[in-house]
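Participant: For reference, this is query_17.txt, and it has compact mmCIF, C-alpha atoms and all ligand atoms.
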```
# COMPACT_ATOMS: atom_id res chain seq x y z
CA MET A 217 -24.13 7.90 -6.46
CA THR A 218 -25.41 6.09 -9.58
CA TRP A 219 -23.25 3.18 -10.55
CA ASP A 220 -23.18 1.26 -13.81
CA GLU A 221 -25.55 -1.67 -13.19
CA SER A 222 -23.80 -3.94 -15.72
CA VAL A 223 -20.46 -3.50 -13.95
CA LEU A 224 -22.12 -4.01 -10.56
CA ALA A 225 -23.65 -7.25 -11.88
CA ARG A 226 -20.18 -8.46 -12.88
CA LEU A 227 -18.87 -7.52 -9.42
CA ARG A 228 -21.70 -9.48 -7.75
CA SER A 229 -20.81 -12.60 -9.74
CA ALA A 230 -17.02 -12.15 -9.39
CA LYS A 231 -15.38 -15.07 -7.60
CA ARG A 232 -11.71 -13.96 -7.68
CA TRP A 233 -10.88 -10.47 -6.41
CA ALA A 234 -7.56 -8.61 -6.42
CA VAL A 235 -7.19 -5.22 -4.76
CA LEU A 236 -4.31 -2.73 -4.84
CA THR A 237 -4.32 -0.07 -2.14
CA GLY A 238 -2.20 3.04 -1.66
CA ALA A 239 -1.85 5.75 0.95
CA GLY A 240 -5.32 7.14 0.13
CA ILE A 241 -7.10 4.29 1.93
CA SER A 242 -5.32 5.26 5.17
CA ALA A 243 -5.86 9.03 4.76
CA GLU A 244 -9.19 8.89 6.67
CA SER A 245 -7.37 7.14 9.51
CA GLY A 246 -5.18 10.23 9.81
CA VAL A 247 -2.10 8.83 8.07
CA PRO A 248 -0.70 11.51 5.72
CA THR A 249 -0.52 10.25 2.14
CA PHE A 250 2.99 9.49 1.00
CA ARG A 251 3.50 12.89 -0.55
CA ASP A 252 2.10 14.75 2.48
CA ALA A 253 4.46 13.00 4.89
CA GLN A 254 7.15 15.68 4.52
CA THR A 255 6.04 17.87 7.40
CA GLY A 256 8.20 20.01 9.70
CA LEU A 257 11.94 19.46 9.35
CA TRP A 258 11.48 17.51 6.11
CA ALA A 259 9.26 20.06 4.35
CA ASN A 260 12.17 20.90 2.01
CA PHE A 261 12.75 17.34 0.85
CA ARG A 262 10.94 15.24 -1.74
CA ALA A 263 9.84 11.83 -0.46
CA GLU A 264 12.00 10.26 -3.16
CA ASP A 265 15.03 12.00 -1.55
CA LEU A 266 14.33 10.44 1.83
CA ALA A 267 13.13 6.95 0.93
CA THR A 268 16.32 5.77 -0.82
CA PRO A 269 19.39 3.80 0.34
CA GLU A 270 21.60 6.69 -0.84
CA ALA A 271 19.68 9.18 1.35
CA PHE A 272 20.04 6.82 4.31
CA LEU A 273 23.80 6.42 3.78
CA ARG A 274 24.14 10.19 3.30
CA ASN A 275 22.19 11.07 6.43
CA PRO A 276 21.20 7.96 8.41
CA GLY A 277 20.07 9.92 11.48
CA MET A 278 17.65 12.13 9.57
CA VAL A 279 16.12 9.26 7.59
CA TRP A 280 15.81 7.10 10.73
CA GLU A 281 14.08 10.02 12.54
CA TRP A 282 11.67 10.53 9.59
CA TYR A 283 10.57 6.91 9.86
CA ALA A 284 10.47 7.09 13.68
CA MET A 285 8.11 10.10 13.39
CA ARG A 286 5.90 8.23 10.89
CA ARG A 287 5.95 5.05 13.02
CA ASP A 288 4.93 7.00 16.13
CA ARG A 289 2.04 8.53 14.16
CA ILE A 290 0.94 5.18 12.81
CA ALA A 291 0.98 3.64 16.32
CA LEU A 292 -1.84 6.08 17.23
CA VAL A 293 -4.20 5.46 14.30
CA ARG A 294 -6.92 2.89 13.69
CA PRO A 295 -8.26 1.26 10.55
CA ASN A 296 -11.19 3.12 8.96
CA ALA A 297 -14.43 1.92 7.34
CA GLY A 298 -12.59 1.38 4.07
CA HIS A 299 -10.17 -1.13 5.60
CA TYR A 300 -13.01 -2.98 7.33
CA ALA A 301 -15.10 -3.07 4.14
CA LEU A 302 -12.27 -4.86 2.31
CA ALA A 303 -11.98 -7.42 5.13
CA ASP A 304 -15.78 -7.90 4.80
CA ILE A 305 -15.60 -8.54 1.04
CA GLU A 306 -12.71 -10.98 1.60
CA SER A 307 -14.95 -13.03 3.91
CA ARG A 308 -17.69 -13.30 1.28
CA VAL A 309 -15.88 -14.18 -1.97
CA GLU A 310 -14.08 -17.29 -3.17
CA ALA A 311 -10.61 -15.81 -3.65
CA PHE A 312 -9.38 -12.43 -2.42
CA THR A 313 -5.85 -11.02 -2.61
CA LEU A 314 -5.14 -7.65 -0.99
CA ILE A 315 -1.99 -6.08 -2.42
CA THR A 316 -0.88 -2.99 -0.56
CA GLN A 317 1.78 -0.35 -1.13
CA ASN A 318 1.13 0.88 2.41
CA ILE A 319 3.52 0.14 5.25
CA ASP A 320 1.09 1.01 8.08
CA ASP A 321 -0.23 -2.50 8.97
CA LEU A 322 -3.83 -1.15 8.99
CA HIS A 323 -5.23 -3.84 6.67
CA ARG A 324 -4.08 -6.58 9.04
CA LYS A 325 -5.43 -4.63 12.03
CA ALA A 326 -8.81 -4.45 10.22
CA GLY A 327 -8.88 -8.25 9.91
CA SER A 328 -7.74 -8.75 6.32
CA ARG A 329 -6.13 -12.19 6.14
CA ARG A 330 -4.34 -12.40 2.77
CA VAL A 331 -2.26 -9.21 2.60
CA LEU A 332 0.73 -8.80 0.27
CA GLU A 333 2.90 -5.91 1.50
CA LEU A 334 4.82 -4.91 -1.64
CA HIS A 335 6.70 -2.10 0.09
CA GLY A 336 7.34 -3.64 3.51
CA ASN A 337 6.07 -2.63 6.94
CA ILE A 338 7.22 0.36 9.01
CA LEU A 339 6.65 -1.59 12.25
CA ARG A 340 9.46 -3.99 11.28
CA THR A 341 13.17 -3.10 11.51
CA LYS A 342 16.06 -4.87 9.78
CA CYS A 343 19.86 -4.82 9.68
CA PHE A 344 21.16 -2.67 6.82
CA ALA A 345 24.04 -5.11 6.20
CA GLU A 346 22.44 -8.53 6.83
CA ASN A 347 18.97 -7.56 5.48
CA THR A 348 17.35 -9.68 8.22
CA VAL A 349 14.65 -8.54 10.66
CA VAL A 350 15.79 -7.38 14.14
CA ASP A 351 13.08 -7.49 16.83
CA ARG A 352 14.94 -5.89 19.71
CA TRP A 353 18.14 -4.00 20.33
CA ASP A 354 19.70 -2.04 23.22
CA SER A 355 21.80 0.33 21.10
CA VAL A 356 20.93 3.98 21.89
CA ASP A 357 22.59 5.28 18.72
CA VAL A 358 20.51 7.00 16.00
CA PRO A 359 20.09 4.87 13.94
CA PRO A 360 20.64 2.01 16.42
CA LYS A 361 23.26 -0.66 15.69
CA CYS A 362 22.51 -4.29 14.86
CA PRO A 363 23.00 -6.48 17.99
CA ARG A 364 24.46 -9.20 15.77
CA CYS A 365 26.91 -7.44 13.47
CA GLY A 366 27.05 -3.79 14.59
CA ALA A 367 25.82 -2.37 11.26
CA MET A 368 23.10 0.31 11.20
CA LEU A 369 19.47 -0.76 11.59
CA ARG A 370 16.87 0.53 9.08
CA PRO A 371 13.10 0.32 8.61
CA ASP A 372 12.01 -2.89 6.83
CA VAL A 373 10.46 -0.97 3.93
CA VAL A 374 11.29 -0.93 0.20
CA TRP A 375 13.06 2.27 -0.81
CA PHE A 376 13.18 3.79 -4.30
CA GLY A 377 15.77 1.95 -6.33
CA GLU A 378 15.32 -1.24 -4.26
CA MET A 379 13.78 -4.48 -5.51
CA LEU A 380 10.36 -5.44 -4.19
CA PRO A 381 10.11 -8.69 -2.18
CA ALA A 382 10.12 -11.38 -4.88
CA ASP A 383 7.49 -13.71 -3.36
CA GLU A 384 4.98 -10.92 -2.70
CA MET A 385 5.47 -9.43 -6.19
CA ARG A 386 5.09 -12.85 -7.86
CA GLU A 387 1.89 -13.59 -5.91
CA ALA A 388 0.55 -10.11 -6.66
CA MET A 389 1.19 -10.55 -10.39
CA GLU A 390 -0.49 -13.97 -10.30
CA ALA A 391 -3.54 -12.49 -8.54
CA ALA A 392 -3.72 -9.64 -11.05
CA ARG A 393 -3.52 -12.08 -13.98
CA ASN A 394 -6.20 -14.44 -12.66
CA CYS A 395 -8.77 -12.17 -11.06
CA ASP A 396 -12.32 -11.45 -12.27
CA VAL A 397 -12.27 -7.97 -10.70
CA PHE A 398 -9.40 -5.64 -9.77
CA LEU A 399 -9.96 -2.68 -7.44
CA SER A 400 -7.35 0.11 -7.42
CA ILE A 401 -7.97 2.16 -4.27
CA GLY A 402 -6.33 5.35 -3.00
CA THR A 403 -3.20 5.30 -5.10
CA SER A 404 -1.79 7.92 -7.43
CA GLY A 405 -0.58 5.07 -9.64
CA LEU A 406 2.84 6.65 -10.13
CA VAL A 407 5.17 4.14 -8.52
CA TYR A 408 6.21 1.01 -10.38
CA PRO A 409 6.17 -1.94 -10.59
CA ALA A 410 3.09 -1.87 -8.25
CA ALA A 411 1.31 0.61 -10.54
CA GLY A 412 1.55 -1.89 -13.42
CA LEU A 413 -0.67 -4.46 -11.70
CA PRO A 414 -4.08 -2.90 -12.58
CA PHE A 415 -3.06 -2.74 -16.24
CA GLU A 416 -2.05 -6.40 -16.14
CA ALA A 417 -5.45 -7.33 -14.71
CA ARG A 418 -7.33 -5.30 -17.29
CA GLN A 419 -5.33 -6.82 -20.13
CA ARG A 420 -6.32 -10.27 -18.85
CA GLY A 421 -10.01 -9.36 -18.97
CA ALA A 422 -10.72 -8.35 -15.38
CA VAL A 423 -13.25 -5.66 -14.54
CA LEU A 424 -11.14 -2.69 -13.41
CA VAL A 425 -12.60 -0.37 -10.76
CA GLU A 426 -10.80 2.72 -9.43
CA ILE A 427 -11.72 4.39 -6.13
CA ASN A 428 -10.10 7.80 -5.71
CA PRO A 429 -11.40 11.38 -5.23
CA GLU A 430 -9.02 12.46 -7.99
CA GLU A 431 -8.14 11.35 -11.50
CA THR A 432 -4.99 9.23 -11.96
CA PRO A 433 -3.09 7.79 -14.96
CA LEU A 434 -5.20 4.65 -14.50
CA SER A 435 -8.58 6.43 -14.73
CA PRO A 436 -8.95 6.26 -18.55
CA TYR A 437 -8.64 2.46 -18.37
CA ALA A 438 -11.11 1.82 -15.56
CA HIS A 439 -14.50 0.24 -16.37
CA LEU A 440 -15.92 1.99 -13.30
CA ILE A 441 -14.55 5.04 -11.49
CA LEU A 442 -15.96 5.65 -8.01
CA ASN A 443 -14.93 9.25 -7.41
CA GLY A 444 -14.89 9.55 -3.67
CA LYS A 445 -13.22 8.75 -0.39
CA SER A 446 -12.64 5.03 0.10
CA GLY A 447 -13.96 5.21 3.69
CA GLU A 448 -17.34 6.24 2.21
CA VAL A 449 -17.34 4.46 -1.15
CA LEU A 450 -16.27 0.99 0.01
CA PRO A 451 -19.06 0.51 2.61
CA THR A 452 -21.57 1.62 -0.06
CA LEU A 453 -20.04 -0.88 -2.49
CA VAL A 454 -20.42 -3.66 0.10
CA GLU A 455 -24.11 -2.70 0.53
CA CYS A 456 -24.63 -2.78 -3.25
CA LEU A 457 -22.99 -6.19 -3.50
CA ASN A 458 -25.08 -7.58 -0.66
CA SER A 459 -28.34 -6.06 -1.93
CA GLY A 460 -28.07 -8.39 -4.95
CA GLY A 461 -29.39 -5.81 -7.37
CA LYS A 462 -32.66 -5.01 -5.53
C1 LIG A 501 12.00 -1.09 -8.22
C2 LIG A 501 7.86 2.60 1.00
C3 LIG A 501 13.70 -2.24 -9.46
C4 LIG A 501 8.78 3.59 1.64
C5 LIG A 501 7.55 3.35 -1.32
C6 LIG A 501 9.50 1.32 -13.99
C7 LIG A 501 9.60 0.01 -13.57
C8 LIG A 501 10.22 -0.29 -12.36
C9 LIG A 501 10.72 0.73 -11.54
C10 LIG A 501 10.63 2.04 -11.97
C11 LIG A 501 10.03 2.33 -13.18
N1 LIG A 501 10.07 3.68 -13.33
C12 LIG A 501 10.66 4.25 -12.25
C13 LIG A 501 11.03 3.27 -11.42
C14 LIG A 501 11.71 3.49 -10.15
C15 LIG A 501 10.73 3.69 -9.01
C16 LIG A 501 9.51 4.49 -9.37
O1 LIG A 501 8.44 3.96 -9.67
N2 LIG A 501 9.65 5.82 -9.27
C17 LIG A 501 8.52 6.71 -9.50
C18 LIG A 501 8.65 7.93 -8.57
C19 LIG A 501 8.52 7.12 -10.96
N3 LIG A 501 10.33 2.40 -8.47
C20 LIG A 501 11.17 1.83 -7.59
O2 LIG A 501 12.26 2.30 -7.27
C21 LIG A 501 10.70 0.51 -6.97
N4 LIG A 501 11.78 -0.44 -7.08
O3 LIG A 501 11.28 -1.01 -9.16
O4 LIG A 501 13.19 -1.84 -8.21
C22 LIG A 501 14.25 -1.00 -10.13
C23 LIG A 501 15.06 -0.12 -9.41
C24 LIG A 501 15.55 1.03 -10.06
C25 LIG A 501 15.21 1.32 -11.39
C26 LIG A 501 14.35 0.44 -12.08
C27 LIG A 501 13.87 -0.73 -11.46
C28 LIG A 501 10.43 0.67 -5.49
C29 LIG A 501 9.27 1.58 -5.25
C30 LIG A 501 8.85 1.52 -3.75
C31 LIG A 501 9.22 2.81 -3.05
N5 LIG A 501 8.68 2.79 -1.68
N6 LIG A 501 7.07 3.26 -0.06
C32 LIG A 501 8.03 4.64 2.41
O5 LIG A 501 6.78 4.60 2.48
O6 LIG A 501 8.71 5.51 2.97
S1 LIG A 501 6.67 4.18 -2.48
C33 LIG A 501 5.39 5.06 -1.77
O7 LIG A 501 4.90 5.98 -2.73
C34 LIG A 501 4.16 4.25 -1.46
O8 LIG A 501 4.48 3.00 -0.92
C35 LIG A 501 3.45 4.13 -2.76
O9 LIG A 501 3.83 2.99 -3.48
C36 LIG A 501 3.98 5.28 -3.55
C37 LIG A 501 2.90 6.19 -4.04
O10 LIG A 501 2.13 6.50 -2.98
P1 LIG A 501 0.53 6.27 -3.01
O11 LIG A 501 0.26 5.13 -2.11
O12 LIG A 501 -0.05 6.20 -4.36
O13 LIG A 501 0.18 7.61 -2.33
P2 LIG A 501 0.15 9.04 -2.99
O14 LIG A 501 0.33 10.00 -1.88
O15 LIG A 501 1.06 9.11 -4.17
O16 LIG A 501 -1.34 9.11 -3.55
C38 LIG A 501 -2.42 8.97 -2.66
C39 LIG A 501 -3.65 8.81 -3.52
O17 LIG A 501 -4.78 8.64 -2.64
C40 LIG A 501 -3.94 10.02 -4.37
O18 LIG A 501 -4.29 9.60 -5.68
C41 LIG A 501 -5.17 10.68 -3.69
O19 LIG A 501 -6.05 11.27 -4.62
C42 LIG A 501 -5.83 9.47 -3.08
N7 LIG A 501 -6.63 9.74 -1.88
C43 LIG A 501 -6.46 10.73 -0.95
N8 LIG A 501 -7.42 10.60 0.02
C44 LIG A 501 -8.18 9.51 -0.32
C45 LIG A 501 -7.69 8.96 -1.52
N9 LIG A 501 -8.23 7.88 -2.11
C46 LIG A 501 -9.30 7.32 -1.50
N10 LIG A 501 -9.83 7.78 -0.35
C47 LIG A 501 -9.30 8.87 0.26
N11 LIG A 501 -9.85 9.34 1.41
```
Since I need it in another form, could you write the structure as structure tokens?
Facilitator:
Amino acid sequence: MTWDESVLARLRSAKRWAVLTGAGISAESGVPTFRDAQTGLWANFRAEDLATPEAFLRNPGMVWEWYAMRRDRIALVRPNAGHYALADIESRVEAFTLITQNIDDLHRKAGSRRVLELHGNILRTKCFAENTVVDRWDSVDVPPKCPRCGAMLRPDVVWFGEMLPADEMREAMEAARNCDVFLSIGTSGLVYPAAGLPFEARQRGAVLVEINPEETPLSPYAHLILNGKSGEVLPTLVECLNSGGK
């Protein structure tokens, strides 16, 4: 893979990094990308028709089971070389902010320290009414009931039509506006406001790199497109950065 030496030189000198990841970085760990997650019973539904508060109120049992199936799958998977490569870069640069749309906790498991989860975390559960995290419950209902107020429990993830966590989004925007390099990895770049972050970074003068086997709406704006699987491309990028241009 021949990479643009001038861009690589800017990456080697970059002090402040911001990274946005999507489902693609977890694909090699065996986690279906967001749009592949409708297997079996849910094959006839679009993800957007499951991951909404309206869908949950319409059919709480089905939506709870869809997340339970995904959570059970995620409990069995491990981070891949792409996740570890990002934790490696974080340990070598001055400032590193990892912004993820993923809810699978794999970046933390790979040792990344500064992780902004814009869309929540499937391993956390919260009360639908109180909007506060619930760690344990003895309700056997589907979905289970909140031990405090009796309302339905739900996954602590951001559904379509819901606001993103304000602190995480503010910090992500700040990182995008102040970084020297922005990596967009394994995301189709279709879901906002997360998908707006790479554009913000580019507008502020950052070097924009996209890592994805396919083209996305962001591709025409990238200074460097690494067309491949993140589990293969990211370790190679780390080697290039460490080789110092030899
Ligand atoms: C909101 C959690 C205020 C749940 C998810 C403009 C501005 C603001 C909002 C909107 C707007 N326009 C429309 C909206 C509304 C909506 C939206 O963006 N809709 C889209 C469909 C048009 N946004 C919202 O509702 C957000 N809320 O803005 O609140 C508001 C509200 C209403 C109206 C206006 C404003 C909330 C969005 C969050 C939804 N929750 N996830 C769950 O997981 O169940 S979204 C979910 O899908 C993911 O988290 C991710 O963000 C998104 C897209 O998934 P990707 O990660 O990109 O994965 P995908 O499968 O699409 O692509 C995988 C990519 O990987 C592919 O490109 C593939 O080529 C690549 N790949 C595959 N293998 C590899 C690989 N890459 C590298 N290596 C590999 N091996």
Participant: Between range 334-393 of chain A and range 411-420 of chain A, at 7 Å or less, what are the per-residue closest atom pairs and their distances in Å? Count all atoms listed in the file, order by chain and rising residue number, and return it as a tab-separated table.
Facilitator:
```
residue	atom	partner	partner_atom	distance
A:Met389	CA	A:Leu413	CA	6.5
A:Ala392	CA	A:Ala417	CA	4.7
A:Arg393	CA	A:Ala417	CA	5.2
```
Participant: Keeping C-alpha atoms for every residue in the selection just given, could you write it to a file as an mmCIF file, keeping the file's coordinate frame?
Facilitator:
```cif
data_model
loop_
_atom_site.group_PDB
_atom_site.id
_atom_site.type_symbol
_atom_site.label_atom_id
_atom_site.label_comp_id
_atom_site.auth_asym_id
_atom_site.auth_seq_id
_atom_site.Cartn_x
_atom_site.Cartn_y
_atom_site.Cartn_z
ATOM 1 C CA MET A 389 1.190 -10.550 -10.390
ATOM 2 C CA ALA A 392 -3.720 -9.640 -11.050
ATOM 3 C CA ARG A 393 -3.520 -12.080 -13.980
#
```
Participant: Which one is closest to Ser435 in chain A: A:Ala391, A:Thr403, A:Glu448, A:Val454? Count all atoms listed in the file.
Facilitator: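 Counting all atoms listed in the file, the residue closest to Ser435 in chain A is A:Thr403.
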Participant: Around ligand LIG 501 (chain A), at most 7 Å away and counting all atoms listed in the file, which residues are there? Put them as number ranges by chain, please.
Facilitator: A: 237-241, 243-244, 249-252, 264, 267, 317-319, 335-336, 373-380, 401-410, 427-430, 432, 444-447
Participant: Measuring atom to atom with only C-alpha atoms, identify which of A:Val309, A:Ala438, A:Val279, A:Leu236 is nearest to His323 in chain A.
Facilitator: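 When distances to His323 in chain A are compared using only C-alpha atoms, the smallest one comes from A:Leu236.
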Participant: Give as a PyMOL selection string each residue that has an atom at most 12 Å from (28.3, -3.6, 17.8) in the file, counting only C-alpha atoms.
Facilitator: chain A and resi 343+353-357+360-369
Participant: Which residue is closest to Asn337 in chain A? Choose from A:Asn458, A:Ser229, A:Ser242, A:Thr316 and count all atoms listed in the file.
Facilitator: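 Checking each candidate against Asn337 in chain A, we get A:Thr316 as the closest.
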Participant: Which distance in Å separates CA of Arg262 in chain A and CA of Val349 in chain A, to one decimal?
Facilitator: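 Taking CA of Arg262 in chain A as the start and CA of Val349 in chain A as the end point, the length is 27.1 Å.
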Participant: When distances are computed from only C-alpha atoms, which of A:Gly277, A:Pro371, A:Gly421, A:Pro381 shows the smallest separation from Asn394 in chain A?
Facilitator: A:Gly421
Participant: Can you sort out range 379-408 of chain A so it carries N, CA and C atoms, written as a PDB file, in the coordinates of the input?
Facilitator:
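Final output, selection.pdb:
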```pdb
ATOM      1  N   MET A 379      14.684  -3.456  -4.981  1.00  0.00           N
ATOM      2  CA  MET A 379      13.780  -4.480  -5.510  1.00  0.00           C
ATOM      3  C   MET A 379      12.652  -4.735  -4.525  1.00  0.00           C
ATOM      4  N   LEU A 380      11.477  -5.065  -5.054  1.00  0.00           N
ATOM      5  CA  LEU A 380      10.360  -5.440  -4.190  1.00  0.00           C
ATOM      6  C   LEU A 380      10.562  -6.897  -3.745  1.00  0.00           C
ATOM      7  N   PRO A 381       9.962  -7.287  -2.608  1.00  0.00           N
ATOM      8  CA  PRO A 381      10.110  -8.690  -2.180  1.00  0.00           C
ATOM      9  C   PRO A 381       9.585  -9.624  -3.274  1.00  0.00           C
ATOM     10  N   ALA A 382      10.420 -10.564  -3.683  1.00  0.00           N
ATOM     11  CA  ALA A 382      10.120 -11.380  -4.880  1.00  0.00           C
ATOM     12  C   ALA A 382       8.852 -12.214  -4.706  1.00  0.00           C
ATOM     13  N   ASP A 383       8.679 -12.854  -3.552  1.00  0.00           N
ATOM     14  CA  ASP A 383       7.490 -13.710  -3.360  1.00  0.00           C
ATOM     15  C   ASP A 383       6.208 -12.878  -3.437  1.00  0.00           C
ATOM     16  N   GLU A 384       6.197 -11.754  -2.720  1.00  0.00           N
ATOM     17  CA  GLU A 384       4.980 -10.920  -2.700  1.00  0.00           C
ATOM     18  C   GLU A 384       4.678 -10.418  -4.110  1.00  0.00           C
ATOM     19  N   MET A 385       5.703  -9.982  -4.832  1.00  0.00           N
ATOM     20  CA  MET A 385       5.470  -9.430  -6.190  1.00  0.00           C
ATOM     21  C   MET A 385       4.979 -10.533  -7.122  1.00  0.00           C
ATOM     22  N   ARG A 386       5.526 -11.739  -6.989  1.00  0.00           N
ATOM     23  CA  ARG A 386       5.090 -12.850  -7.860  1.00  0.00           C
ATOM     24  C   ARG A 386       3.624 -13.185  -7.565  1.00  0.00           C
ATOM     25  N   GLU A 387       3.280 -13.258  -6.282  1.00  0.00           N
ATOM     26  CA  GLU A 387       1.890 -13.590  -5.910  1.00  0.00           C
ATOM     27  C   GLU A 387       0.937 -12.478  -6.340  1.00  0.00           C
ATOM     28  N   ALA A 388       1.406 -11.232  -6.253  1.00  0.00           N
ATOM     29  CA  ALA A 388       0.550 -10.110  -6.660  1.00  0.00           C
ATOM     30  C   ALA A 388       0.298 -10.160  -8.159  1.00  0.00           C
ATOM     31  N   MET A 389       1.328 -10.463  -8.918  1.00  0.00           N
ATOM     32  CA  MET A 389       1.190 -10.550 -10.390  1.00  0.00           C
ATOM     33  C   MET A 389       0.243 -11.695 -10.749  1.00  0.00           C
ATOM     34  N   GLU A 390       0.380 -12.793 -10.041  1.00  0.00           N
ATOM     35  CA  GLU A 390      -0.490 -13.970 -10.300  1.00  0.00           C
ATOM     36  C   GLU A 390      -1.947 -13.591 -10.009  1.00  0.00           C
ATOM     37  N   ALA A 391      -2.160 -12.892  -8.909  1.00  0.00           N
ATOM     38  CA  ALA A 391      -3.540 -12.490  -8.540  1.00  0.00           C
ATOM     39  C   ALA A 391      -4.087 -11.533  -9.590  1.00  0.00           C
ATOM     40  N   ALA A 392      -3.256 -10.615 -10.053  1.00  0.00           N
ATOM     41  CA  ALA A 392      -3.720  -9.640 -11.050  1.00  0.00           C
ATOM     42  C   ALA A 392      -4.069 -10.344 -12.360  1.00  0.00           C
ATOM     43  N   ARG A 393      -3.313 -11.376 -12.702  1.00  0.00           N
ATOM     44  CA  ARG A 393      -3.520 -12.080 -13.980  1.00  0.00           C
ATOM     45  C   ARG A 393      -4.722 -13.018 -13.938  1.00  0.00           C
ATOM     46  N   ASN A 394      -5.139 -13.413 -12.737  1.00  0.00           N
ATOM     47  CA  ASN A 394      -6.200 -14.440 -12.660  1.00  0.00           C
ATOM     48  C   ASN A 394      -7.484 -13.938 -12.025  1.00  0.00           C
ATOM     49  N   CYS A 395      -7.568 -12.636 -11.785  1.00  0.00           N
ATOM     50  CA  CYS A 395      -8.770 -12.170 -11.060  1.00  0.00           C
ATOM     51  C   CYS A 395      -9.908 -11.847 -12.035  1.00  0.00           C
ATOM     52  N   ASP A 396     -11.146 -11.868 -11.483  1.00  0.00           N
ATOM     53  CA  ASP A 396     -12.320 -11.450 -12.270  1.00  0.00           C
ATOM     54  C   ASP A 396     -12.523  -9.938 -12.121  1.00  0.00           C
ATOM     55  N   VAL A 397     -12.122  -9.420 -10.933  1.00  0.00           N
ATOM     56  CA  VAL A 397     -12.270  -7.970 -10.700  1.00  0.00           C
ATOM     57  C   VAL A 397     -11.032  -7.463  -9.969  1.00  0.00           C
ATOM     58  N   PHE A 398     -10.564  -6.290 -10.390  1.00  0.00           N
ATOM     59  CA  PHE A 398      -9.400  -5.640  -9.770  1.00  0.00           C
ATOM     60  C   PHE A 398      -9.835  -4.254  -9.298  1.00  0.00           C
ATOM     61  N   LEU A 399      -9.663  -4.016  -7.994  1.00  0.00           N
ATOM     62  CA  LEU A 399      -9.960  -2.680  -7.440  1.00  0.00           C
ATOM     63  C   LEU A 399      -8.645  -1.963  -7.210  1.00  0.00           C
ATOM     64  N   SER A 400      -8.513  -0.729  -7.728  1.00  0.00           N
ATOM     65  CA  SER A 400      -7.350   0.110  -7.420  1.00  0.00           C
ATOM     66  C   SER A 400      -7.857   1.228  -6.521  1.00  0.00           C
ATOM     67  N   ILE A 401      -7.385   1.270  -5.283  1.00  0.00           N
ATOM     68  CA  ILE A 401      -7.970   2.160  -4.270  1.00  0.00           C
ATOM     69  C   ILE A 401      -6.909   3.073  -3.655  1.00  0.00           C
ATOM     70  N   GLY A 402      -7.144   4.393  -3.744  1.00  0.00           N
ATOM     71  CA  GLY A 402      -6.330   5.350  -3.000  1.00  0.00           C
ATOM     72  C   GLY A 402      -4.876   5.356  -3.377  1.00  0.00           C
ATOM     73  N   THR A 403      -4.595   5.209  -4.668  1.00  0.00           N
ATOM     74  CA  THR A 403      -3.200   5.300  -5.100  1.00  0.00           C
ATOM     75  C   THR A 403      -3.083   6.210  -6.312  1.00  0.00           C
ATOM     76  N   SER A 404      -2.012   6.989  -6.313  1.00  0.00           N
ATOM     77  CA  SER A 404      -1.790   7.920  -7.430  1.00  0.00           C
ATOM     78  C   SER A 404      -1.296   7.166  -8.655  1.00  0.00           C
ATOM     79  N   GLY A 405      -0.964   5.896  -8.481  1.00  0.00           N
ATOM     80  CA  GLY A 405      -0.580   5.070  -9.640  1.00  0.00           C
ATOM     81  C   GLY A 405       0.693   5.545 -10.314  1.00  0.00           C
ATOM     82  N   LEU A 406       1.606   6.101  -9.546  1.00  0.00           N
ATOM     83  CA  LEU A 406       2.840   6.650 -10.130  1.00  0.00           C
ATOM     84  C   LEU A 406       4.053   5.774  -9.904  1.00  0.00           C
ATOM     85  N   VAL A 407       3.966   4.892  -8.907  1.00  0.00           N
ATOM     86  CA  VAL A 407       5.170   4.140  -8.520  1.00  0.00           C
ATOM     87  C   VAL A 407       5.090   2.716  -9.055  1.00  0.00           C
ATOM     88  N   TYR A 408       6.141   2.354  -9.789  1.00  0.00           N
ATOM     89  CA  TYR A 408       6.210   1.010 -10.380  1.00  0.00           C
ATOM     90  C   TYR A 408       7.148   0.142  -9.576  1.00  0.00           C
TER      91      TYR A 408
END
```
